[in-house]
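One file, coords07.txt, is given below (compact mmCIF, C-alpha atoms).
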```
# COMPACT_ATOMS: atom_id res chain seq x y z
CA MET A 9 -6.78 14.68 23.73
CA SER A 10 -3.04 14.18 23.24
CA GLU A 11 -1.38 14.39 19.82
CA ALA A 12 -0.47 10.71 20.00
CA THR A 13 -4.14 9.80 20.51
CA ILE A 14 -5.18 11.95 17.54
CA GLY A 15 -2.46 10.29 15.46
CA ILE A 16 -3.67 6.81 16.45
CA MET A 17 -7.31 7.63 15.63
CA LEU A 18 -6.25 8.99 12.24
CA ALA A 19 -4.14 5.88 11.64
CA LEU A 20 -7.22 3.72 12.36
CA LEU A 21 -9.17 5.73 9.80
CA ALA A 22 -6.30 5.32 7.31
CA ALA A 23 -6.26 1.55 7.98
CA LEU A 24 -9.97 1.34 7.05
CA TRP A 25 -9.31 3.08 3.73
CA PHE A 26 -6.12 1.07 3.04
CA GLY A 27 -7.96 -2.11 3.86
CA SER A 28 -10.73 -1.51 1.34
CA GLY A 29 -8.41 -0.59 -1.57
CA PRO A 30 -7.15 -4.14 -2.29
CA TYR A 31 -10.74 -5.45 -2.15
CA PHE A 32 -11.79 -3.10 -4.97
CA ALA A 33 -8.55 -3.80 -6.87
CA ARG A 34 -9.16 -7.56 -6.65
CA LEU A 35 -12.54 -7.13 -8.31
CA GLY A 36 -11.42 -4.48 -10.81
CA LEU A 37 -8.34 -6.37 -12.03
CA ARG A 38 -10.56 -9.20 -13.25
CA HIS A 39 -11.54 -6.87 -16.09
CA MET A 40 -8.21 -5.28 -17.06
CA SER A 41 -4.43 -5.62 -16.92
CA THR A 42 -2.50 -4.42 -13.89
CA PRO A 43 -0.79 -1.50 -15.70
CA ALA A 44 -4.11 -0.21 -17.07
CA GLY A 45 -5.85 -0.75 -13.72
CA THR A 46 -3.11 1.06 -11.83
CA LEU A 47 -3.32 4.01 -14.23
CA VAL A 48 -7.10 4.25 -13.76
CA ALA A 49 -6.57 4.12 -9.99
CA MET A 50 -3.90 6.85 -10.10
CA VAL A 51 -5.93 9.23 -12.30
CA SER A 52 -8.97 8.84 -10.02
CA ALA A 53 -6.84 9.47 -6.96
CA LEU A 54 -5.28 12.54 -8.55
CA LEU A 55 -8.71 14.01 -9.33
CA VAL A 56 -9.99 13.48 -5.78
CA VAL A 57 -6.88 14.61 -3.89
CA GLY A 58 -6.35 17.48 -6.33
CA ALA A 59 -9.92 18.69 -5.82
CA ILE A 60 -9.18 18.95 -2.10
CA ALA A 61 -5.54 20.11 -2.14
CA ILE A 62 -5.67 22.77 -4.86
CA PRO A 63 -8.33 25.05 -3.28
CA ILE A 64 -6.76 24.76 0.16
CA HIS A 65 -3.06 25.13 -0.74
CA ARG A 66 -3.17 26.93 -4.09
CA GLY A 67 -0.37 29.39 -3.33
CA GLU A 68 1.93 26.92 -1.60
CA LEU A 69 1.65 24.26 -4.34
CA LEU A 70 3.45 26.47 -6.83
CA SER A 71 6.14 27.81 -4.51
CA LEU A 72 7.84 24.68 -3.22
CA PRO A 73 11.66 24.60 -3.16
CA LEU A 74 13.28 22.37 -5.80
CA VAL A 75 14.91 20.19 -3.14
CA LEU A 76 11.51 19.46 -1.62
CA LEU A 77 10.08 18.68 -5.06
CA GLY A 78 12.92 16.22 -5.52
CA TRP A 79 11.98 14.41 -2.32
CA LEU A 80 8.33 14.38 -3.39
CA ALA A 81 9.33 12.90 -6.76
CA LEU A 82 11.23 10.16 -4.91
CA LEU A 83 8.27 9.56 -2.60
CA GLY A 84 5.95 9.25 -5.60
CA PHE A 85 8.32 6.78 -7.24
CA LEU A 86 8.65 4.59 -4.14
CA ASN A 87 4.95 4.65 -3.25
CA TYR A 88 3.33 4.19 -6.63
CA PRO A 89 5.32 2.40 -9.34
CA LEU A 90 7.29 0.41 -6.77
CA GLY A 91 4.68 0.16 -4.02
CA ARG A 92 1.17 0.25 -5.42
CA PHE A 93 1.87 -1.28 -8.86
CA ILE A 94 3.66 -4.25 -7.28
CA ASN A 95 0.92 -4.39 -4.61
CA PHE A 96 -1.81 -4.63 -7.29
CA ASN A 97 0.15 -7.40 -9.00
CA SER A 98 0.38 -9.30 -5.73
CA VAL A 99 -3.37 -8.95 -5.18
CA ARG A 100 -4.07 -10.19 -8.71
CA LEU A 101 -1.79 -13.23 -8.31
CA ALA A 102 -2.28 -14.23 -4.67
CA GLY A 103 -5.61 -12.66 -3.76
CA VAL A 104 -6.47 -10.16 -1.05
CA ALA A 105 -6.49 -12.57 1.89
CA ARG A 106 -2.92 -13.75 1.27
CA SER A 107 -1.24 -10.56 0.09
CA ALA A 108 -2.72 -8.14 2.65
CA PRO A 109 -1.07 -9.59 5.79
CA VAL A 110 2.27 -9.98 4.01
CA LEU A 111 2.03 -6.37 2.86
CA ALA A 112 1.71 -5.27 6.49
CA MET A 113 5.22 -6.40 7.40
CA SER A 114 6.91 -3.10 6.53
CA PRO A 115 8.17 -2.51 10.13
CA VAL A 116 10.15 -5.73 9.81
CA TRP A 117 12.01 -4.22 6.86
CA ALA A 118 12.75 -1.12 8.92
CA MET A 119 14.14 -3.36 11.67
CA ILE A 120 16.33 -5.32 9.23
CA MET A 121 17.69 -2.11 7.71
CA ALA A 122 18.48 -0.78 11.19
CA ILE A 123 20.41 -3.96 12.03
CA ILE A 124 22.37 -4.05 8.76
CA PHE A 125 23.07 -0.36 8.17
CA LEU A 126 22.98 1.13 11.63
CA GLY A 127 24.50 -1.77 13.55
CA GLU A 128 21.57 -1.88 15.93
CA THR A 129 21.13 -4.90 18.19
CA PRO A 130 17.53 -6.04 18.41
CA SER A 131 16.04 -6.36 21.87
CA LEU A 132 14.22 -9.50 23.04
CA LEU A 133 10.88 -7.80 22.35
CA ILE A 134 11.91 -6.99 18.79
CA ALA A 135 13.21 -10.51 18.23
CA LEU A 136 9.92 -11.97 19.51
CA GLY A 137 7.98 -9.57 17.31
CA ALA A 138 10.03 -10.54 14.26
CA LEU A 139 9.49 -14.23 15.03
CA SER A 140 5.76 -13.64 15.29
CA VAL A 141 5.71 -11.85 11.93
CA VAL A 142 7.82 -14.53 10.24
CA GLY A 143 5.61 -17.25 11.75
CA GLY A 144 2.49 -15.50 10.53
CA VAL A 145 3.86 -15.04 7.01
CA ALA A 146 5.01 -18.67 6.94
CA LEU A 147 1.47 -19.81 7.85
CA ILE A 148 0.03 -17.65 5.08
CA VAL A 149 2.56 -18.86 2.50
CA ARG A 150 1.89 -22.48 3.50
CA GLU A 151 -1.82 -21.89 3.08
CA GLY A 152 -1.16 -20.41 -0.36
CA ALA A 153 0.92 -23.40 -1.35
CA MET B 22 8.02 -5.53 -15.74
CA ARG B 23 6.71 -7.85 -18.47
CA LEU B 24 6.81 -10.70 -15.96
CA LEU B 25 4.46 -8.78 -13.70
CA THR B 26 1.93 -8.22 -16.46
CA THR B 27 1.93 -11.58 -18.24
CA VAL B 28 2.13 -14.26 -15.57
CA ARG B 29 -0.77 -16.60 -16.00
CA ARG B 30 -2.28 -18.73 -13.29
CA ARG B 31 -0.55 -22.10 -13.22
CA GLY B 32 -1.11 -23.95 -9.99
CA ARG B 33 0.51 -22.54 -6.89
CA GLN B 34 3.37 -20.60 -8.57
CA PRO B 35 1.39 -17.41 -9.16
CA VAL B 36 0.20 -17.45 -5.53
CA LEU B 37 3.76 -17.75 -4.19
CA LEU B 38 4.95 -15.10 -6.65
CA GLY B 39 2.11 -12.85 -5.51
CA MET B 40 3.14 -13.19 -1.88
CA ALA B 41 6.79 -12.53 -2.77
CA LEU B 42 5.67 -9.37 -4.57
CA ALA B 43 3.67 -8.35 -1.49
CA MET B 44 6.91 -8.56 0.54
CA VAL B 45 8.71 -6.38 -1.99
CA ALA B 46 5.87 -3.83 -1.98
CA SER B 47 5.90 -3.75 1.84
CA PHE B 48 9.61 -2.85 1.74
CA PHE B 49 8.95 0.16 -0.45
CA TYR B 50 5.95 1.22 1.66
CA ALA B 51 8.24 1.10 4.72
CA THR B 52 10.63 3.61 3.14
CA THR B 53 7.75 5.94 2.20
CA HIS B 54 6.55 6.08 5.83
CA VAL B 55 9.99 7.23 6.98
CA ILE B 56 10.37 9.82 4.19
CA GLY B 57 6.76 10.96 4.64
CA ARG B 58 7.24 11.55 8.36
CA GLU B 59 10.34 13.63 7.64
CA LEU B 60 8.49 15.76 5.10
CA VAL B 61 5.33 16.45 7.12
CA THR B 62 7.13 17.45 10.34
CA GLY B 63 8.17 21.02 9.75
CA ARG B 64 8.72 21.08 5.97
CA THR B 65 5.28 21.17 4.41
CA GLU B 66 1.63 20.13 4.78
CA PRO B 67 0.48 16.48 4.49
CA LEU B 68 -2.01 17.31 1.75
CA ILE B 69 0.73 18.95 -0.36
CA VAL B 70 2.96 15.89 0.08
CA SER B 71 0.11 13.56 -0.88
CA PHE B 72 -0.88 15.66 -3.91
CA TYR B 73 2.61 15.89 -5.38
CA ALA B 74 3.38 12.22 -4.64
CA ILE B 75 0.25 11.29 -6.59
CA VAL B 76 1.16 13.70 -9.44
CA PHE B 77 4.61 12.17 -9.82
CA GLY B 78 3.22 8.66 -9.29
CA THR B 79 0.65 9.17 -12.06
CA VAL B 80 3.36 10.33 -14.47
CA TYR B 81 5.52 7.28 -13.69
CA ILE B 82 2.60 4.86 -14.03
CA ALA B 83 1.50 6.53 -17.29
CA LEU B 84 4.99 5.94 -18.69
CA LEU B 85 4.80 2.27 -17.62
CA SER B 86 1.34 1.63 -19.01
CA PHE B 87 0.89 3.83 -22.10
CA ARG B 88 0.62 0.70 -24.30
CA ASP B 89 -2.38 -0.50 -22.30
CA VAL B 90 -4.27 2.81 -22.45
CA PRO B 91 -6.18 2.01 -25.71
CA LYS B 92 -7.44 -1.21 -24.11
CA ILE B 93 -9.20 0.72 -21.34
CA ARG B 94 -11.88 1.77 -23.83
CA HIS B 95 -13.01 -1.87 -24.13
CA VAL B 96 -13.10 -2.54 -20.41
CA PRO B 97 -16.57 -2.74 -18.80
CA ARG B 98 -17.54 0.40 -16.87
CA ARG B 99 -17.85 -1.68 -13.74
CA GLY B 100 -14.15 -2.59 -13.95
CA VAL B 101 -13.12 1.04 -14.43
CA ALA B 102 -15.33 2.12 -11.51
CA LEU B 103 -13.86 -0.54 -9.23
CA MET B 104 -10.26 0.45 -10.04
CA ALA B 105 -11.20 4.11 -9.56
CA MET B 106 -12.53 3.25 -6.11
CA ALA B 107 -9.34 1.32 -5.36
CA GLY B 108 -7.30 4.37 -6.29
CA VAL B 109 -9.40 6.78 -4.28
CA ALA B 110 -9.41 4.49 -1.21
CA GLY B 111 -5.63 4.06 -1.34
CA SER B 112 -4.92 7.74 -1.80
CA ILE B 113 -7.25 8.82 0.98
CA GLY B 114 -5.41 6.25 3.09
CA VAL B 115 -2.05 7.78 2.13
CA THR B 116 -3.28 11.32 2.85
CA VAL B 117 -4.77 10.43 6.23
CA THR B 118 -1.56 8.50 7.07
CA LEU B 119 0.52 11.59 6.35
CA VAL B 120 -1.76 13.65 8.59
CA ALA B 121 -1.40 10.98 11.30
CA LEU B 122 2.41 11.11 10.93
CA SER B 123 2.30 14.86 11.59
CA TYR B 124 0.82 14.08 15.03
CA ALA B 125 2.72 10.97 16.09
CA PRO B 126 5.94 9.14 15.15
CA VAL B 127 6.24 6.23 12.72
CA ALA B 128 6.67 3.69 15.54
CA THR B 129 3.28 4.70 17.00
CA ILE B 130 1.38 4.88 13.70
CA THR B 131 2.76 1.75 12.00
CA PRO B 132 1.18 -0.94 14.23
CA VAL B 133 -2.22 0.70 13.89
CA LEU B 134 -1.82 0.86 10.10
CA ALA B 135 -0.93 -2.84 10.08
CA THR B 136 -4.54 -3.63 11.06
CA ASN B 137 -5.52 -2.73 7.48
CA SER B 138 -4.68 -6.33 6.55
CA LEU B 139 -7.42 -7.51 8.91
CA VAL B 140 -9.87 -5.09 7.25
CA SER B 141 -8.91 -6.48 3.82
CA MET B 142 -9.36 -10.05 5.02
CA MET B 143 -12.73 -9.27 6.58
CA LEU B 144 -13.95 -7.73 3.29
CA ALA B 145 -12.59 -10.73 1.36
CA HIS B 146 -14.35 -13.11 3.78
CA LEU B 147 -17.66 -11.24 3.52
CA PHE B 148 -17.77 -10.30 -0.16
CA LEU B 149 -15.21 -12.37 -2.12
CA GLN B 150 -16.23 -15.87 -1.13
CA ARG B 151 -16.62 -16.84 -4.78
CA LEU B 152 -13.01 -15.82 -5.49
CA GLU B 153 -11.13 -16.55 -2.26
CA GLN B 154 -11.40 -18.67 0.81
CA VAL B 155 -10.31 -17.04 4.06
CA THR B 156 -9.39 -20.02 6.23
CA LEU B 157 -8.69 -20.15 9.94
CA ARG B 158 -4.99 -20.56 9.18
CA LEU B 159 -5.00 -17.26 7.26
CA TRP B 160 -6.70 -15.48 10.17
CA ILE B 161 -4.15 -16.90 12.62
CA GLY B 162 -1.31 -15.94 10.27
CA ALA B 163 -2.62 -12.38 9.91
CA GLY B 164 -3.09 -12.14 13.67
CA LEU B 165 0.51 -13.22 14.26
CA VAL B 166 1.76 -10.63 11.76
CA VAL B 167 -0.20 -7.82 13.44
CA ALA B 168 0.89 -8.98 16.95
CA GLY B 169 4.51 -9.07 15.82
CA ILE B 170 4.34 -5.59 14.36
CA VAL B 171 2.79 -4.26 17.58
CA LEU B 172 5.66 -5.84 19.58
CA ILE B 173 8.31 -4.37 17.27
CA SER B 174 6.75 -0.91 17.28
CA VAL B 175 6.16 -0.84 21.05
CA SER B 176 9.83 -1.63 21.63
CA ASN B 177 10.86 1.18 19.29
CA ALA B 178 8.58 3.77 20.91
```
Would you mind giving the structure from this file in structure tokens?
Amino acid sequence: MSEATIGIMLALLAALWFGSGPYFARLGLRHMSTPAGTLVAMVSALLVVGAIAIPIHRGELLSLPLVLLGWLALLGFLNYPLGRFINFNSVRLAGVARSAPVLAMSPVWAMIMAIIFLGETPSLLIALGALSVVGGVALIVREGA
Amino acid sequence: MRLLTTVRRRGRQPVLLGMALAMVASFFYATTHVIGRELVTGRTEPLIVSFYAIVFGTVYIALLSFRDVPKIRHVPRRGVALMAMAGVAGSIGVTVTLVALSYAPVATITPVLATNSLVSMMLAHLFLQRLEQVTLRLWIGAGLVVAGIVLISVSNA
């Protein structure tokens, strides 16, 4: 089995887990505010991932270079306060069915950044893909309105 | 930040705001995929990246939400359990994504990850019918988004 195939199978597994998170958040946020709910979610995640990571990588966890720790701090900031907290707010306001497909459009952002900052010219396939994404989001927004 | 925590439901405005926020969140998730790929290819292990990202993320969120912590005591256990499950599901997703990125590039992984929106919608359709209606238009919209992402990623591969 090639590495790409393994990566795709793992990504499918990740998609199943990612897909169920907003469903639980939608139900949980009916009982508490988004900041409190996000904190509960983060502490639970820390306990579970820590229980797996600490026994396996005990020595390496305490010997990371400072530069790498800096990147990990940035990653944590982008993914959780900026990503997940805003994501939970979107689920609370718009619901799972409307926010989930819009949330999936991250490759479009990567394409836009490549055009603006790297001067890349999108191919016909990319342009068609972007149109499809924009059309899909427009349908969802119209349904929400 | 106060806007995000105190908006009340008034007609369609919260729904549109929610979808705008989803777009903003997707932008930040896009940057984490790129940084994550860079970190897990040759620098360190995916589980270490996931663990430290969650550690830092928990600290940031705790700073944002310390005023709401006393209120958690009065929340029903069911609510706490559901948010705990949301957190665990998301973090397992992040960890498995990082492992996937150590095997294949972002352009290969991203379209597969995009199918998570279809999983969310299926769960909403099956179990959240009292709260949300998943219409045919939403399914078509989600399908177009996933198809578009596949096209973009295939052309980048």
Quick one: everything within 7 Å of range 78-91 of chain B, counting only C-alpha atoms, minus sequence neighbours fewer than 2 positions away in the same chain. Send it as a compact mmCIF listing (two decimals) with C-alpha atoms, in the coordinates of the input.
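Output file result_19.txt is given in full below:
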```txt
# COMPACT_ATOMS: atom_id res chain seq x y z
CA PRO A 43 -0.79 -1.50 -15.70
CA ALA A 44 -4.11 -0.21 -17.07
CA LEU A 47 -3.32 4.01 -14.23
CA MET A 50 -3.90 6.85 -10.10
CA VAL A 51 -5.93 9.23 -12.30
CA GLY A 84 5.95 9.25 -5.60
CA PHE A 85 8.32 6.78 -7.24
CA TYR A 88 3.33 4.19 -6.63
CA PRO A 89 5.32 2.40 -9.34
CA ALA B 74 3.38 12.22 -4.64
CA ILE B 75 0.25 11.29 -6.59
CA VAL B 76 1.16 13.70 -9.44
CA ILE B 93 -9.20 0.72 -21.34
CA ARG B 94 -11.88 1.77 -23.83
```
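One finds CA of Tyr73 in chain B at 26.4 Å from CA of Gly100 in chain B.
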So, counting only C-alpha atoms, which residue among B:Val70, B:Met104, B:Val36, B:Val45 is closest to His39 in chain A?
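For His39 in chain A, the nearest of the given residues is B:Met104.
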Quick check, in Å to one decimal: how far apart do CA of Gly45 in chain A and CA of Leu134 in chain B lie?
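Computing the Euclidean distance for CA of Gly45 in chain A and CA of Leu134 in chain B yields 24.2 Å.
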Figure out the distance between CA of Gly164 in chain B and CA of Val99 in chain A, please, to one decimal in Å.
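CA of Val99 in chain A sits 19.1 Å away from CA of Gly164 in chain B.
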Extract, using all atoms listed in the file, all DNA, RNA and protein residues at most 8 Å from range 165-175 of chain B, discarding same-chain residues fewer than 2 positions from it, and format them as a PyMOL selection string.
(chain A and resi 109-110+112-113+115-116+133-145) or (chain B and resi 128-129+131-133+135-136+161-163+177-178)
